[in-house]
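S.K.: Okay, so here is start26.cif, and as you'll see once you scroll down, it has mmCIF, C-alpha atoms.
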data_coords
loop_
_atom_site.label_atom_id
_atom_site.label_comp_id
_atom_site.auth_asym_id
_atom_site.auth_seq_id
_atom_site.Cartn_x
_atom_site.Cartn_y
_atom_site.Cartn_z
CA MET B 285 10.44 1.36 -9.82
CA THR B 286 7.95 2.71 -7.28
CA ARG B 287 9.09 1.41 -3.89
CA ILE B 288 6.20 0.48 -1.61
CA ASP B 289 6.08 -0.06 2.14
CA ALA B 290 3.05 -2.36 2.33
CA HIS B 291 2.42 -2.14 6.08
CA HIS B 292 2.45 0.74 8.54
CA HIS B 293 0.18 2.53 11.01
CA THR B 294 -0.53 5.95 12.44
CA TRP B 295 -2.08 6.88 15.76
CA ARG B 296 -2.65 9.62 18.31
CA PRO B 297 -3.29 7.90 21.68
CA MET B 298 -5.10 9.58 24.53
CA SER B 299 -2.03 8.85 26.66
CA ALA B 300 0.40 10.62 24.30
CA SER B 301 3.13 12.35 26.26
CA ARG B 302 3.71 15.21 23.81
CA ALA B 303 1.44 17.73 22.14
CA VAL B 304 1.52 18.18 18.39
CA ALA B 305 -0.54 20.12 15.90
CA ASP B 306 -4.04 18.81 15.44
CA ILE B 307 -3.26 16.59 12.46
CA GLY B 308 -3.84 12.93 11.78
CA PRO B 309 -6.61 10.78 13.23
CA ARG B 310 -8.40 12.05 16.29
CA ARG B 311 -7.16 10.91 19.68
CA ARG B 312 -8.36 7.48 20.72
CA ALA B 313 -7.74 5.11 23.60
CA HIS B 314 -5.20 2.41 22.70
CA PRO B 315 -5.31 -0.02 25.64
CA TRP B 316 -2.60 -2.20 24.11
CA LEU B 317 -0.16 0.69 24.52
CA ASP B 318 -0.69 0.71 28.30
CA LYS B 319 1.68 -2.22 28.79
CA PRO B 320 5.01 -1.08 30.31
CA ASP B 321 7.10 -2.32 27.38
CA MET B 322 4.99 -0.27 24.95
CA ALA B 323 6.05 3.05 26.50
CA PRO B 324 8.21 4.07 23.49
CA LEU B 325 5.09 3.92 21.30
CA ARG B 326 2.88 5.91 23.65
CA ARG B 327 3.02 9.10 21.62
CA ASP B 328 1.73 10.54 18.37
CA PHE B 329 2.95 9.00 15.11
CA THR B 330 1.68 10.84 12.05
CA LEU B 331 2.01 10.49 8.30
CA VAL B 332 4.21 13.58 8.35
CA ASP B 333 6.62 11.70 10.61
CA LEU B 334 6.62 8.68 8.32
CA ALA B 335 7.03 10.71 5.13
CA GLN B 336 10.37 12.00 6.36
CA GLU B 337 11.59 8.50 7.28
CA ALA B 338 10.38 6.99 4.01
CA ALA B 339 11.92 9.64 1.79
CA ALA B 340 15.30 9.12 3.43
CA VAL B 341 15.41 5.47 2.31
CA GLY B 342 13.71 5.77 -1.05
CA ILE B 343 10.21 4.53 -0.16
CA ASP B 344 7.69 6.23 -2.46
CA ARG B 345 4.24 4.91 -1.48
CA THR B 346 2.71 3.01 1.42
CA ILE B 347 -0.24 0.93 2.62
CA LEU B 348 -1.83 2.31 5.79
CA VAL B 349 -3.23 -0.48 8.00
CA GLN B 350 -5.92 -0.33 10.68
CA VAL B 351 -4.97 -0.36 14.35
CA LEU B 352 -8.28 -0.46 16.22
CA PRO B 353 -11.46 -2.45 15.46
CA GLU B 354 -13.42 0.71 14.62
CA THR B 355 -14.95 1.72 11.31
CA ASP B 356 -14.62 5.37 12.38
CA GLU B 357 -10.86 4.94 12.43
CA THR B 358 -11.00 3.43 8.94
CA ALA B 359 -13.01 6.38 7.64
CA GLU B 360 -10.48 8.79 9.11
CA PHE B 361 -7.59 6.84 7.59
CA LEU B 362 -9.24 7.12 4.18
CA THR B 363 -9.56 10.88 4.60
CA LEU B 364 -5.90 11.11 5.63
CA ALA B 365 -4.83 9.00 2.66
CA GLU B 366 -6.73 11.25 0.27
CA ARG B 367 -4.78 14.25 1.53
CA THR B 368 -1.29 12.86 0.92
CA ASP B 369 0.67 11.46 -1.99
CA LEU B 370 2.35 8.97 0.35
CA VAL B 371 -0.50 6.51 0.96
CA ALA B 372 -1.54 4.38 -2.02
CA GLY B 373 -4.14 2.33 -0.16
CA VAL B 374 -5.81 1.66 3.19
CA VAL B 375 -6.46 -1.70 4.84
CA GLY B 376 -9.31 -0.91 7.19
CA TRP B 377 -11.60 -2.68 9.64
CA ALA B 378 -15.25 -3.68 9.53
CA ASP B 379 -17.17 -6.33 11.46
CA LEU B 380 -16.90 -9.50 9.38
CA THR B 381 -19.71 -11.13 11.34
CA SER B 382 -22.21 -8.33 10.74
CA ASN B 383 -25.23 -8.95 8.52
CA ARG B 384 -24.74 -5.40 7.25
CA LEU B 385 -21.10 -5.76 6.21
CA SER B 386 -21.84 -5.07 2.53
CA ASP B 387 -23.63 -1.86 3.50
CA THR B 388 -20.69 -0.85 5.70
CA LEU B 389 -18.23 -1.39 2.87
CA SER B 390 -20.41 0.60 0.51
CA ALA B 391 -20.57 3.47 3.00
CA LEU B 392 -16.79 3.47 3.47
CA ARG B 393 -16.24 3.54 -0.27
CA ALA B 394 -18.67 6.44 -0.63
CA ALA B 395 -16.83 8.41 2.07
CA PRO B 396 -13.98 10.86 1.32
CA GLY B 397 -11.00 8.84 0.11
CA GLY B 398 -13.15 5.73 -0.20
CA GLU B 399 -11.55 4.75 -3.50
CA LEU B 400 -8.35 4.12 -1.52
CA LEU B 401 -9.89 1.28 0.51
CA VAL B 402 -7.99 -1.79 -0.70
CA GLY B 403 -8.59 -4.34 2.03
CA LEU B 404 -9.82 -5.28 5.48
CA ARG B 405 -8.15 -6.74 8.55
CA HIS B 406 -9.31 -8.13 11.88
CA LEU B 407 -7.11 -8.71 14.93
CA VAL B 408 -7.46 -12.48 14.69
CA GLN B 409 -4.38 -12.88 16.88
CA SER B 410 -6.47 -11.64 19.83
CA GLU B 411 -9.32 -14.10 19.31
CA PRO B 412 -9.28 -16.85 21.98
CA ASP B 413 -10.79 -19.40 19.58
CA PRO B 414 -7.95 -20.74 17.36
CA ASP B 415 -10.57 -21.68 14.75
CA TRP B 416 -12.24 -18.26 14.66
CA LEU B 417 -11.42 -17.86 10.97
CA THR B 418 -13.39 -20.98 10.08
CA ARG B 419 -16.66 -19.85 11.66
CA PRO B 420 -19.60 -19.76 9.21
CA ASP B 421 -20.38 -16.10 9.99
CA VAL B 422 -16.73 -15.16 9.39
CA HIS B 423 -16.70 -17.00 6.05
CA ARG B 424 -19.90 -15.21 5.07
CA GLY B 425 -18.18 -11.91 5.79
CA LEU B 426 -15.05 -12.89 3.90
CA ARG B 427 -17.20 -13.72 0.85
CA ALA B 428 -18.60 -10.20 1.06
CA VAL B 429 -15.03 -8.86 1.12
CA ALA B 430 -14.26 -10.84 -2.04
CA THR B 431 -17.46 -9.63 -3.73
CA ALA B 432 -16.43 -6.06 -2.96
CA GLY B 433 -13.13 -6.64 -4.74
CA LEU B 434 -11.08 -6.14 -1.59
CA THR B 435 -8.14 -8.06 -0.14
CA TYR B 436 -8.09 -9.54 3.35
CA ASP B 437 -5.06 -9.26 5.66
CA LEU B 438 -4.47 -12.22 7.96
CA LEU B 439 -3.11 -11.18 11.36
CA THR B 440 -2.52 -14.56 13.00
CA LEU B 441 -0.24 -16.36 15.41
CA PRO B 442 1.36 -19.69 14.44
CA HIS B 443 -1.24 -21.78 16.29
CA GLN B 444 -3.96 -20.11 14.19
CA LEU B 445 -2.36 -21.03 10.86
CA PRO B 446 -4.36 -24.26 10.41
CA ALA B 447 -7.57 -22.20 10.43
CA ALA B 448 -6.01 -19.74 7.97
CA ILE B 449 -5.04 -22.61 5.66
CA ALA B 450 -8.55 -24.09 5.77
CA THR B 451 -10.09 -20.66 5.11
CA ALA B 452 -7.83 -19.88 2.16
CA ARG B 453 -8.74 -23.26 0.65
CA ALA B 454 -12.46 -22.69 1.21
CA LEU B 455 -12.43 -19.20 -0.35
CA PRO B 456 -10.27 -19.33 -3.49
CA GLU B 457 -12.05 -16.24 -4.83
CA LEU B 458 -10.58 -14.05 -2.05
CA THR B 459 -7.02 -12.70 -2.01
CA PHE B 460 -5.35 -13.06 1.39
CA VAL B 461 -2.21 -11.31 2.64
CA LEU B 462 -0.42 -12.82 5.65
CA ASP B 463 0.94 -10.15 7.98
CA HIS B 464 4.28 -10.46 9.77
CA LEU B 465 4.94 -14.06 8.66
CA SER B 466 2.28 -15.04 11.27
CA LYS B 467 4.71 -13.95 14.02
CA PRO B 468 7.10 -16.91 14.22
CA PRO B 469 9.12 -17.47 17.45
CA ILE B 470 12.28 -15.77 16.18
CA ALA B 471 13.46 -14.85 19.67
CA ARG B 472 13.54 -18.55 20.59
CA GLY B 473 15.14 -19.55 17.31
CA GLU B 474 12.42 -22.13 16.58
CA LEU B 475 11.30 -22.93 13.04
CA GLN B 476 8.84 -25.79 13.52
CA PRO B 477 5.94 -26.27 13.34
CA TRP B 478 5.68 -22.72 11.95
CA ALA B 479 7.70 -23.44 8.79
CA SER B 480 5.64 -26.48 7.80
CA LEU B 481 2.40 -24.56 8.30
CA ILE B 482 3.71 -21.63 6.25
CA ARG B 483 4.46 -23.98 3.36
CA GLN B 484 0.92 -25.37 3.55
CA LEU B 485 -0.51 -21.86 3.49
CA ALA B 486 1.74 -20.85 0.60
CA ALA B 487 0.44 -23.83 -1.38
CA GLN B 488 -2.79 -21.83 -1.73
CA PRO B 489 -2.27 -19.58 -4.77
CA ASN B 490 -4.60 -16.88 -3.41
CA VAL B 491 -2.30 -16.10 -0.46
CA PHE B 492 0.48 -13.49 -0.34
CA CYS B 493 2.86 -12.75 2.53
CA LYS B 494 4.40 -9.61 4.01
CA LEU B 495 8.09 -9.59 4.87
CA SER B 496 7.30 -7.52 7.94
CA GLY B 497 7.21 -7.55 11.72
CA MET B 498 10.30 -9.71 12.15
CA VAL B 499 12.42 -7.39 14.28
CA THR B 500 9.80 -7.26 17.03
CA GLU B 501 9.50 -11.05 17.08
CA ALA B 502 13.28 -11.28 17.57
CA GLN B 503 15.10 -10.13 20.69
CA TRP B 504 14.56 -6.40 20.58
CA ASP B 505 18.04 -5.48 21.76
CA HIS B 506 19.93 -8.30 20.07
CA TRP B 507 18.96 -9.07 16.51
CA SER B 508 20.61 -9.01 13.12
CA ALA B 509 19.73 -9.91 9.56
CA ALA B 510 21.39 -13.27 10.26
CA THR B 511 18.88 -14.06 13.02
CA LEU B 512 15.99 -13.14 10.72
CA ARG B 513 17.29 -14.95 7.64
CA PRO B 514 16.02 -18.50 8.39
CA TYR B 515 12.46 -17.17 8.63
CA ALA B 516 12.74 -14.89 5.61
CA ASP B 517 14.22 -17.76 3.60
CA VAL B 518 11.27 -20.03 4.43
CA VAL B 519 8.80 -17.40 3.24
CA LEU B 520 10.75 -16.51 0.10
CA ASP B 521 11.11 -20.18 -0.83
CA ALA B 522 7.49 -21.08 -0.04
CA PHE B 523 5.73 -18.10 -1.65
CA GLY B 524 8.33 -16.96 -4.17
CA PRO B 525 9.23 -13.26 -4.56
CA GLU B 526 6.14 -12.69 -6.71
CA ARG B 527 3.94 -13.29 -3.64
CA VAL B 528 6.10 -11.57 -1.00
CA MET B 529 6.00 -7.84 -0.24
CA PHE B 530 8.01 -5.61 2.07
CA GLY B 531 6.35 -3.96 5.06
CA SER B 532 8.00 -1.92 7.81
CA ASP B 533 5.34 -2.25 10.52
CA TRP B 534 6.24 1.32 11.51
CA PRO B 535 5.97 2.58 14.19
CA VAL B 536 5.74 -0.77 16.02
CA CYS B 537 9.15 -1.66 14.58
CA LEU B 538 10.69 1.17 16.61
CA LEU B 539 10.60 -1.07 19.67
CA ALA B 540 13.55 -2.91 18.13
CA ALA B 541 14.85 -0.93 15.16
CA SER B 542 14.68 2.35 13.30
CA TYR B 543 12.80 2.64 10.02
CA GLU B 544 16.13 2.82 8.18
CA GLU B 545 17.36 -0.35 9.90
CA VAL B 546 14.20 -2.27 9.00
CA VAL B 547 14.50 -1.30 5.34
CA ALA B 548 18.21 -2.14 5.35
CA ALA B 549 17.51 -5.57 6.88
CA ALA B 550 14.91 -6.35 4.20
CA GLU B 551 17.33 -5.28 1.49
CA GLU B 552 20.04 -7.52 2.96
CA LEU B 553 17.68 -10.49 3.28
CA THR B 554 16.69 -10.15 -0.37
CA GLY B 555 20.14 -9.23 -1.63
CA GLY B 556 20.70 -12.62 -3.26
CA LEU B 557 17.66 -12.27 -5.51
CA THR B 558 17.63 -10.87 -9.01
CA GLU B 559 16.80 -7.24 -9.60
CA ALA B 560 13.42 -8.25 -11.04
CA GLU B 561 12.63 -10.33 -7.95
CA ARG B 562 13.58 -7.48 -5.61
CA CYS B 563 11.33 -5.18 -7.63
CA GLU B 564 8.46 -7.56 -6.92
CA ILE B 565 9.10 -7.54 -3.16
CA PHE B 566 9.52 -3.77 -2.96
CA GLY B 567 6.59 -2.84 -5.17
CA GLY B 568 5.19 -5.23 -7.73
CA THR B 569 3.67 -7.75 -5.32
CA ALA B 570 1.83 -5.13 -3.28
CA THR B 571 0.55 -3.49 -6.45
CA ARG B 572 -1.04 -6.76 -7.58
CA ALA B 573 -2.26 -8.03 -4.22
CA TYR B 574 -4.01 -4.77 -3.37
CA ARG B 575 -5.04 -3.96 -6.96
CA LEU B 576 -3.34 -0.58 -6.80
CA ARG B 577 -3.91 1.66 -9.77
CA ARG B 578 -0.61 1.79 -11.61
CA GLU B 579 -1.34 5.27 -12.90
CA ASP B 580 -1.31 6.46 -9.28
CA LEU B 581 2.09 4.94 -8.48
#
Output the structure of this file as structure tokens.
M.R.:
Amino acid sequence: MTRIDAHHHTWRPMSASRAVADIGPRRRAHPWLDKPDMAPLRRDFTLVDLAQEAAAVGIDRTILVQVLPETDETAEFLTLAERTDLVAGVVGWADLTSNRLSDTLSALRAAPGGELLVGLRHLVQSEPDPDWLTRPDVHRGLRAVATAGLTYDLLTLPHQLPAAIATARALPELTFVLDHLSKPPIARGELQPWASLIRQLAAQPNVFCKLSGMVTEAQWDHWSAATLRPYADVVLDAFGPERVMFGSDWPVCLLAASYEEVVAAAEELTGGLTEAERCEIFGGTATRAYRLRREDL
């Protein structure tokens, strides 16, 4: 089985505290890293770094996900992906509300590595309007994503799930992937109303979910698989293993856990499943959701 990490990033911030060889994406400002608690992430994280971590725990291929709302970053990620055997696909960014979205997607696909573009994502969690996903111009853009044969990653907070549910219902032709379980309040130990909303979203057959991002929603210095289990169990029961995929959220996960610890936690949380079901979570689901070419895996 090809083991896939369906969610990670790479970056080289302007504020990086160490110099490395000129590899990876070009240096960019990452304002979100300026917060004091983000200091451990304020350095370069490259695909070379990840390849070493992944190999140590038996991860074969990955999905590289956008960080900044910039098409230039997406183009660079595609070029990086083309140069390595590690990355099987890129979830990039483009302006969903643009009248020229279809042209933008065509240009990205014509660029070096463009055949590795498998999806788009927008930082919906940062939108002040909880109903942003239901806007007519956003739906128009999402239809263009579907027409292009791409998947759309949902990066939402729990209060934005009603809009995600309505959007998934309105666009059955588009495949959605929910990132990080929609960031439930694990640190507070609260399940509702998040769990009920997750079940409503999972009732839409065109929605998948990533088993990712949990350690950073828990207490960073005091978490265990046991504290994550209630949330993982809700997702596994609601979506079923055939619509759940593992993602590390590296290097963000390093705020709370090492790459090895994140993989080990996911393996423990899925340990009660059959071997076939675990194969879905650690490879099969991502292959289908992102339409990865099996001959490349």
S.K.: So the first atom is CA of Val408 in chain B and the second is CA of Leu439 in chain B; what is the distance between them in Å, to one decimal place?
M.R.: 5.6 Å
S.K.: I need the output of the PyMOL selection byres ((chain B and resi 373-381) around 7) for this file as a list in words; which residues are they?
M.R.: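 Applying the PyMOL selection byres ((chain B and resi 373-381) around 7) to the structure shown produces Ile347, Leu348, Val349, Gln350, Pro353, Glu354, Thr355, Thr358, Leu362, Val371, Ala372, Ser382, Asn383, Leu385, Leu400, Leu401, Val402, Gly403, Leu404, Arg405, His406, Asp421, Val422, Gly425 and Leu426 of chain B.
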S.K.: What box, with edges along x, y and z, holds each listed atom of range 403-411 of chain B when 5 Å is added on every side, and can you state its centre and edge lengths in Å to one decimal, as lines of an AutoDock Vina configuration file?
M.R.:
center_x = -7.1
center_y = -9.2
center_z = 10.9
size_x = 15.4
size_y = 19.8
size_z = 27.8
S.K.: Would you please work out which residue, of B:Asp517, B:Asp415, B:Asp533, B:Glu526, is nearest to Glu501 in chain B when using only C-alpha atoms?
M.R.: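 That would be B:Asp533, the residue with the smallest distance to Glu501 in chain B.
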S.K.: Restricting the calculation to all atoms listed in the file, which member of B:Leu538, B:Ala454, B:Ala430, B:Ala486 is positioned closest to Leu334 in chain B?
M.R.: B:Leu538
S.K.: List the residues selected by the PyMOL selection byres ((chain B and resi 399) around 12) in the file shown, writing them as a ChimeraX atom specification.
M.R.: /B:359,361-363,365-366,372-375,389-398,400-403,432-434,575-577,580
S.K.: For Thr346 in chain B, which of B:Cys537, B:Leu458, B:Met529, B:Leu441 is the closest residue, counting only C-alpha atoms?
M.R.: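 Closest candidate: B:Met529.
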S.K.: Give me, please, the distance in Å between CA of Arg513 in chain B and CA of Ser532 in chain B, quoted to one decimal.
M.R.: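 A separation of 16.0 Å between them.
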S.K.: Expand the PyMOL selection byres ((chain B and resi 565) around 7) into the individual residues it matches in the shown file, reporting them as number ranges by chain.
M.R.: B: 525-526, 528-530, 561-564, 566-569
S.K.: My list of candidates is B:Pro315, B:Gly473, B:Pro414, B:Pro489. Which is closest to Leu445 in chain B when distances are computed with only C-alpha atoms?
M.R.: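 Checking each candidate against Leu445 in chain B, we get B:Pro414 as the closest.
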S.K.: Could you please determine the separation between CA of Asp344 in chain B and CA of Arg287 in chain B in Å, to one decimal place?
M.R.: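 Atom-to-atom, CA of Asp344 in chain B to CA of Arg287 in chain B, that is 5.2 Å.
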S.K.: Would you kindly return, as a ChimeraX atom specification, each protein, DNA or RNA residue with an atom no farther than 12 Å from any atom of range 502-511 of chain B, considering only C-alpha atoms and excluding same-chain residues fewer than 4 positions away?
M.R.: /B:321,464,467-475,496-498,515-517,536-542,545-555
S.K.: Okay, now the selection with C-alpha atoms, as a JSON list (two decimals), in the frame of the given file?
M.R.:
[["chain", "number", "residue", "atom", "x", "y", "z"],
["B", 321, "ASP", "CA", 7.10, -2.32, 27.38],
["B", 464, "HIS", "CA", 4.28, -10.46, 9.77],
["B", 467, "LYS", "CA", 4.71, -13.95, 14.02],
["B", 468, "PRO", "CA", 7.10, -16.91, 14.22],
["B", 469, "PRO", "CA", 9.12, -17.47, 17.45],
["B", 470, "ILE", "CA", 12.28, -15.77, 16.18],
["B", 471, "ALA", "CA", 13.46, -14.85, 19.67],
["B", 472, "ARG", "CA", 13.54, -18.55, 20.59],
["B", 473, "GLY", "CA", 15.14, -19.55, 17.31],
["B", 474, "GLU", "CA", 12.42, -22.13, 16.58],
["B", 475, "LEU", "CA", 11.30, -22.93, 13.04],
["B", 496, "SER", "CA", 7.30, -7.52, 7.94],
["B", 497, "GLY", "CA", 7.21, -7.55, 11.72],
["B", 498, "MET", "CA", 10.30, -9.71, 12.15],
["B", 515, "TYR", "CA", 12.46, -17.17, 8.63],
["B", 516, "ALA", "CA", 12.74, -14.89, 5.61],
["B", 517, "ASP", "CA", 14.22, -17.76, 3.60],
["B", 536, "VAL", "CA", 5.74, -0.77, 16.02],
["B", 537, "CYS", "CA", 9.15, -1.66, 14.58],
["B", 538, "LEU", "CA", 10.69, 1.17, 16.61],
["B", 539, "LEU", "CA", 10.60, -1.07, 19.67],
["B", 540, "ALA", "CA", 13.55, -2.91, 18.13],
["B", 541, "ALA", "CA", 14.85, -0.93, 15.16],
["B", 542, "SER", "CA", 14.68, 2.35, 13.30],
["B", 545, "GLU", "CA", 17.36, -0.35, 9.90],
["B", 546, "VAL", "CA", 14.20, -2.27, 9.00],
["B", 547, "VAL", "CA", 14.50, -1.30, 5.34],
["B", 548, "ALA", "CA", 18.21, -2.14, 5.35],
["B", 549, "ALA", "CA", 17.51, -5.57, 6.88],
["B", 550, "ALA", "CA", 14.91, -6.35, 4.20],
["B", 551, "GLU", "CA", 17.33, -5.28, 1.49],
["B", 552, "GLU", "CA", 20.04, -7.52, 2.96],
["B", 553, "LEU", "CA", 17.68, -10.49, 3.28],
["B", 554, "THR", "CA", 16.69, -10.15, -0.37],
["B", 555, "GLY", "CA", 20.14, -9.23, -1.63]]
S.K.: What residues have an atom no more than 10 Å from (13.2, 5.2, -0.2) in the file's own frame, counting only C-alpha atoms, and can you write them as a list in words?
M.R.: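 Output: Thr286, Arg287, Ile288, Asp289, Ala335, Gln336, Glu337, Ala338, Ala339, Ala340, Val341, Gly342, Ile343, Asp344, Arg345, Glu544 and Val547 of chain B.
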S.K.: Write to file, as a compact mmCIF listing (two decimals), keeping the file's coordinate frame, the residues of the selection just made, with C-alpha atoms.
M.R.:
# COMPACT_ATOMS: atom_id res chain seq x y z
CA THR B 286 7.95 2.71 -7.28
CA ARG B 287 9.09 1.41 -3.89
CA ILE B 288 6.20 0.48 -1.61
CA ASP B 289 6.08 -0.06 2.14
CA ALA B 335 7.03 10.71 5.13
CA GLN B 336 10.37 12.00 6.36
CA GLU B 337 11.59 8.50 7.28
CA ALA B 338 10.38 6.99 4.01
CA ALA B 339 11.92 9.64 1.79
CA ALA B 340 15.30 9.12 3.43
CA VAL B 341 15.41 5.47 2.31
CA GLY B 342 13.71 5.77 -1.05
CA ILE B 343 10.21 4.53 -0.16
CA ASP B 344 7.69 6.23 -2.46
CA ARG B 345 4.24 4.91 -1.48
CA GLU B 544 16.13 2.82 8.18
CA VAL B 547 14.50 -1.30 5.34
